[in-house]
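K.L.:
This is the structure I want to talk about, given as structure tokens.
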Amino acid sequence: MGRWAKISLRLLGVLVVAGLVAVALIPEPQQVDLGEVTRGRLAVAVEEDGKTRIRERYTVSAPLSGRLLRIVLKAGDSVFASSSTLATLEPLDPALLNARELAVAAAQSRSAEAQLLRTGPELEGAILARQNAEAELERLQGLTGHEQISRQKLENAELACQLRREEERSAEFAQEIARYELELARAALMHTLPESDGRDTGFRLRIPSPIDGRVLRIFYQSSTVVPAGTALLEIGDPRDLEVEVDVLSGDAVKILPGARVQFVQWGGGAPLLGRVRLVEPAAFTKVSALGVEEQRVNVIVDLLDPAEDRPTLGDAFRVEAHILIWEGDDVVKLPLGAAFRVGDAWAVFVYDAGVARLRPVQLGHSNGNEAEVLSGLQPGERVVLHPGDSLQDGSAVVPR
């Protein structure tokens with residue numbers, strides 16, 4: 001073998017060894033999970049636990065001092081206005097026979113009359129407001145076919161109409177209660193003095209139910225002596241529910257009256273729908289499970305589903321509320337797990353033919369799972385999910 005042949009073989013051996021070393025030193029591609037940038041609907045909601053409560057509850061109190069006979073009703077029993085007796089009082093001699101008790105009963109009767117007179121104008125004003133709201137809603141609905149109004153304006157008109165109806169209903173309820181209290185005050189005044197024939201039955205004061213509903217709580221079941229004004233039992237209509245949701249004050253400022261609400265995990269099948277009626281103007285302090293003091297705000301939500309769709313839902317039941325604060329129907333979005341901070345900005349790793357490319361992006365609204373992409377990405381691009389610290393710009397990657 002010639003000299004040049006030996007040299008060539010040696011050079012070839014060196015090149016093979018160098019190639020093997022170079023191949024051994026090349027890092028293996030990292031396995032990564034990929035997500036896709038898409039276009040579609042994105043909804044942002046405040047998620048908190050809520051508690052149902054009866055919208056209009058009534059506490060029945062003793063109008064006079066006397067002996068309360070045993071209450072035979074039980075919690076959950078149905079009662080009917082003016083036909084069900086909730087409790088019966090017997091006088092204590094001479095508690096119901098003196099001039100002071102007579103004067104107090106007469107004053108209560110006059111106060112009840114004034115209260116009933118005051119509810120009349122309030123109810124008339126609520127009726128006029130409801131009629132005006134319905135007329136405005138009907139006018140706007142007539143323009144929808146011509147596309148002359150926005151969807152938001154129509155929804156605001158529907159919300160205003162619903163609120164006016166609720167105000168009218170509350171005014172009617174207040175008038176019914178005022179009428180009941182007047183009848184009760186007059187009955188107490190009549191029974192303050194004994195009947196002329198002296199029969200004991202003439203001294204008994206029966207307290208009727210002011211509304212159709214059910215007994216919620218009984219404060220005094222057994223016979224006992226009670227002073228005037230003592231709460232005896234509480235009644236209400238379990239079908240007429242609203243939901244109280246306490247949220248962080250930082251989230252409360254984002255919630256507006258009329259916002260749509262979805263209730264899940266309430267024990268039934270399909271989620272229940274609701275609409276925010278009121279965000280209370282005052283916050284309160286609440287200690288979290290971790291012992292941290294938080295400022296919370298109550299958000300009151302009206303249930304939109306009829307009572308027939310939630311027959312087993314009662315007072316003070318727990319529900320999970322998702323209060324919608326923002327939504328978009330045509331939004332470029334990406335999985336939030338792909339984004340990370342680089343200084344004060346957001347960035348992602350874009351998958352580009354087996355290579356991870358670092359790219360800054362600008363994000364908008366986020367719901368905890370997905371985020372709105374304002375700039376930096378296009379629908380169809382794939383991004384690395386939950387990138388590790390070892391991943392750098394230009395790193396070789398392979399889908400897991």
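Note on naming: chains are A, B, ... as they come in the structure tokens, residues start from 1 per chain, ligands start from 1 in the order shown.
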Can you tell me, as a count of residues only, what residues are no more than 10 Å from A:Ile127 when counting only C-alpha atoms, ignoring any on the same chain fewer than 5 positions away?

P.N.:
11

K.L.:
Name the residues of stretch 171-305 of chain A that come out as helix (DSSP H, G or I) in a backbone DSSP run; write them as a ChimeraX atom specification.

P.N.:
/A:171-190,200-203,249-252

K.L.:
Can you list, as a list in words, every protein, DNA or RNA residue that comes within 8 Å of A:Val331 when you count only C-alpha atoms, leaving out same-chain residues fewer than 3 positions away?

P.N.:
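Surrounding residues, per the criterion: Arg39, Gly40, Arg41, Leu42, Gly328, Glu372 and Val373 of chain A.
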
K.L.:
Could those selected residues go to a file with C-alpha atoms, as a tab-separated table (two decimals), in the first residue's frame?

P.N.:
chain	number	residue	atom	x	y	z
A	39	ARG	CA	-60.60	31.53	16.86
A	40	GLY	CA	-63.95	31.32	18.64
A	41	ARG	CA	-66.00	32.33	21.66
A	42	LEU	CA	-64.32	33.37	24.89
A	328	GLY	CA	-66.49	37.70	22.68
A	372	GLU	CA	-57.40	36.45	24.29
A	373	VAL	CA	-54.54	37.11	21.83

K.L.:
Fewer than 5 positions away in the same chain doesn't count, so skip those; otherwise give me all residues within 6 Å of stretch 300-309 of chain A, counting only C-alpha atoms, as a VMD selection string.

P.N.:
chain A and resid 239 242 to 244 273 to 278
